[in-house]
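Asker: Quick one: the structure is below, and I'll ask about it shortly.
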Amino acid sequence: MWSGIEYGELSESVGRGAVKLIDIRQPWELIQTGKLPGSYNIPMNQLVHALSLSEHQFLHQYNFPKPRPRDSNVVLTCRSGRRVRVAWNQLEPLGYCNVRLYFGSYLDWKANGGPLLEPDFSQTLQ
């Protein structure tokens, strides 16, 4: 079963650089709303394919190291928390059982006054 993370713990972990935060929203959503600091974008419809890439291919395409199935510092976020639950069902069969879900996601981050950044897709969009 999935494990969740709350705003306070996530904010602290992001501040320490102790988490690999993956935002599964579409790029246009990030452009409209901003992105959570330290987050990387892999749209949900690319997630399974992305994690099937070699480490080199993944790094080239997404501009950060590929998470390993046993990594315990990976957190998924979306807009409201709905998509992270769907994504979990796609990742668990691939062995990504330690991924944590930010159930409140972007809406909770914003409601708590968390900072937002403008996304930079210059390295990732092709």
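FYI, nothing fancy with the structure tokens labels: chains A, B, ... in order, residues from 1 per chain, ligands from 1 as they appear.
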Taking the backbone alone, and naming residues the way the document does, which bits of range 65-98 of chain A are strand (DSSP E) by DSSP, as an MDAnalysis selection string?
Answerer: chainID A and resid 74:77
Asker: Could you save the residues just selected, with C-alpha atoms, as a compact mmCIF listing (two decimals), in the first residue's frame?
Answerer:
```txt
# COMPACT_ATOMS: atom_id res chain seq x y z
CA VAL A 74 11.04 9.58 -4.28
CA VAL A 75 7.80 11.55 -3.93
CA LEU A 76 5.09 11.98 -6.57
CA THR A 77 2.97 15.12 -6.83
```
Asker: Name the residues of chain A that come out as helix (DSSP H, G or I) in a backbone DSSP run; write them as a PyMOL selection string.
Answerer: chain A and resi 7-16+27-33+44-52+55-62+82-94+105-111
Asker: Please provide the set of residues having any atom within 6 Å of Tyr96 in chain A, restricted to only C-alpha atoms, with same-chain residues fewer than 3 positions apart removed, written as a ChimeraX atom specification.
Answerer: /A:69,91-92
Asker: Just the selected residues (N, CA and C atoms), exported as an mmCIF file, in the first residue's frame, please.
Answerer:
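Result written to result_34.cif:
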```cif
data_model
loop_
_atom_site.group_PDB
_atom_site.id
_atom_site.type_symbol
_atom_site.label_atom_id
_atom_site.label_comp_id
_atom_site.auth_asym_id
_atom_site.auth_seq_id
_atom_site.Cartn_x
_atom_site.Cartn_y
_atom_site.Cartn_z
ATOM 1 N N PRO A 69 14.159 1.424 -8.225
ATOM 2 C CA PRO A 69 12.957 0.891 -7.577
ATOM 3 C C PRO A 69 12.993 0.915 -6.052
ATOM 4 N N LEU A 91 3.271 2.142 -10.997
ATOM 5 C CA LEU A 91 4.660 1.981 -10.563
ATOM 6 C C LEU A 91 4.889 0.764 -9.676
ATOM 7 N N GLU A 92 3.928 0.427 -8.862
ATOM 8 C CA GLU A 92 4.121 -0.683 -7.944
ATOM 9 C C GLU A 92 4.487 -1.980 -8.661
#
```
Asker: If we count only C-alpha atoms, what is near Lys66 in chain A at a cut-off of 8 Å, once residues fewer than 2 positions away on the same chain are taken out, given as number ranges by chain?
Answerer: A: 51, 55, 58-59, 64, 68
Asker: Provide the CA of Pro67 in chain A to CA of Trp109 in chain A distance in Å, to one decimal place.
Answerer: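 Computing it gives 23.0 Å between the two atoms.
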Asker: Of the candidates A:Pro43, A:Gly104, A:Gly17, A:Gly114, which one gets nearest to Gly4 in chain A if we count only C-alpha atoms?
Answerer: A:Gly104
Asker: For Ile22 in chain A, list every protein, DNA or RNA residue within 12 Å, evaluated using only C-alpha atoms, and leave out those in the same chain fewer than 5 positions away; present the list as a PyMOL selection string.
Answerer: chain A and resi 14+35-44+47+50+62+64-67+73-79+84+87+99-102+105-106
Asker: Generate the output file for the selected residues, N, CA and C atoms, as a compact mmCIF listing (two decimals), in the first residue's frame.
Answerer:
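As written to disk, again.txt reads:
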```txt
# COMPACT_ATOMS: atom_id res chain seq x y z
N VAL A 14 12.45 19.07 0.86
CA VAL A 14 12.82 19.83 -0.34
C VAL A 14 13.91 20.84 0.01
N LYS A 35 5.87 25.55 -10.61
CA LYS A 35 6.24 24.22 -10.13
C LYS A 35 6.78 24.29 -8.72
N LEU A 36 6.69 23.19 -8.02
CA LEU A 36 7.24 23.10 -6.68
C LEU A 36 8.76 23.13 -6.78
N PRO A 37 9.44 23.83 -5.87
CA PRO A 37 10.90 23.90 -5.91
C PRO A 37 11.53 22.51 -5.86
N GLY A 38 12.54 22.32 -6.66
CA GLY A 38 13.26 21.05 -6.66
C GLY A 38 12.55 19.92 -7.36
N SER A 39 11.40 20.19 -7.97
CA SER A 39 10.66 19.11 -8.62
C SER A 39 11.11 18.92 -10.07
N TYR A 40 10.91 17.71 -10.53
CA TYR A 40 11.18 17.33 -11.91
C TYR A 40 9.87 16.90 -12.54
N ASN A 41 9.73 17.16 -13.84
CA ASN A 41 8.48 16.84 -14.51
C ASN A 41 8.60 15.60 -15.37
N ILE A 42 7.76 14.62 -15.07
CA ILE A 42 7.53 13.47 -15.95
C ILE A 42 6.02 13.35 -16.03
N PRO A 43 5.42 13.78 -17.14
CA PRO A 43 3.96 13.66 -17.25
C PRO A 43 3.51 12.22 -17.02
N MET A 44 2.36 12.08 -16.37
CA MET A 44 1.88 10.76 -16.00
C MET A 44 1.81 9.81 -17.19
N LEU A 47 5.23 8.18 -17.62
CA LEU A 47 5.90 7.66 -16.44
C LEU A 47 6.41 6.23 -16.61
N ALA A 50 9.15 6.15 -19.18
CA ALA A 50 10.36 6.82 -18.67
C ALA A 50 11.15 5.88 -17.77
N TYR A 62 15.25 13.47 -19.27
CA TYR A 62 14.56 14.15 -18.17
C TYR A 62 15.48 15.04 -17.33
N PHE A 64 17.66 14.48 -14.96
CA PHE A 64 17.98 14.12 -13.58
C PHE A 64 18.15 12.60 -13.52
N PRO A 65 18.88 12.10 -12.54
CA PRO A 65 19.14 10.65 -12.46
C PRO A 65 17.86 9.84 -12.29
N LYS A 66 17.82 8.74 -12.97
CA LYS A 66 16.65 7.85 -12.91
C LYS A 66 16.50 7.27 -11.50
N PRO A 67 15.31 7.38 -10.94
CA PRO A 67 15.08 6.75 -9.63
C PRO A 67 15.21 5.23 -9.74
N ASN A 73 13.43 7.94 -1.26
CA ASN A 73 13.31 9.40 -1.20
C ASN A 73 12.53 9.96 -2.39
N VAL A 74 11.80 9.14 -3.11
CA VAL A 74 11.04 9.58 -4.28
C VAL A 74 9.61 9.91 -3.85
N VAL A 75 9.16 11.11 -4.25
CA VAL A 75 7.80 11.55 -3.93
C VAL A 75 7.12 11.99 -5.22
N LEU A 76 5.88 11.56 -5.41
CA LEU A 76 5.09 11.98 -6.57
C LEU A 76 4.11 13.07 -6.15
N THR A 77 3.94 14.06 -7.04
CA THR A 77 2.97 15.12 -6.83
C THR A 77 2.24 15.38 -8.15
N CYS A 78 1.06 15.95 -8.05
CA CYS A 78 0.28 16.34 -9.23
C CYS A 78 -0.45 17.63 -8.89
N ARG A 79 -1.68 17.81 -9.32
CA ARG A 79 -2.42 19.04 -8.99
C ARG A 79 -3.17 18.88 -7.67
N VAL A 84 -1.62 11.02 -8.50
CA VAL A 84 -0.54 10.27 -7.85
C VAL A 84 -1.01 8.88 -7.43
N ALA A 87 -0.93 6.84 -10.59
CA ALA A 87 0.47 6.57 -10.93
C ALA A 87 1.04 5.46 -10.05
N VAL A 99 7.95 4.49 -3.21
CA VAL A 99 7.56 5.84 -3.63
C VAL A 99 6.50 6.37 -2.67
N ARG A 100 6.65 7.63 -2.28
CA ARG A 100 5.66 8.27 -1.40
C ARG A 100 4.80 9.22 -2.23
N LEU A 101 3.58 9.42 -1.78
CA LEU A 101 2.62 10.24 -2.51
C LEU A 101 2.28 11.49 -1.71
N TYR A 102 2.36 12.62 -2.38
CA TYR A 102 1.93 13.88 -1.76
C TYR A 102 0.46 14.05 -2.12
N SER A 105 -0.76 17.52 -2.92
CA SER A 105 -0.10 17.97 -4.15
C SER A 105 -0.08 19.49 -4.29
N TYR A 106 -0.10 19.97 -5.52
CA TYR A 106 0.04 21.41 -5.80
C TYR A 106 -0.94 22.26 -5.00
```
Asker: At what distance in Å, to one decimal, does CA of His49 in chain A lie from CA of Gly34 in chain A?
Answerer: 24.7 Å
Asker: So, with only C-alpha atoms as the atoms that count, which of A:Glu6, A:Gly81, A:Ser11, A:Gln57 lies closest to Gly113 in chain A?
Answerer: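 Of all the options, A:Ser11 lies closest to Gly113 in chain A.
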Asker: Taking only C-alpha atoms into account, name the residue in A:Val48, A:Ile5, A:Ala18, A:Leu30 that is nearest to Gly95 in chain A.
Answerer: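 Nearest candidate to Gly95 in chain A out of A:Val48, A:Ile5, A:Ala18, A:Leu30: A:Val48.
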Asker: CA of Leu53 in chain A to CA of Arg16 in chain A: how many Å, to one decimal?
Answerer: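 Atom-to-atom, CA of Leu53 in chain A and CA of Arg16 in chain A are spaced 28.0 Å apart.
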Asker: So, with only C-alpha atoms as the atoms that count, which of A:Gln61, A:Gln32, A:Asn45, A:Asn112 lies closest to Gly8 in chain A?
Answerer: A:Asn112
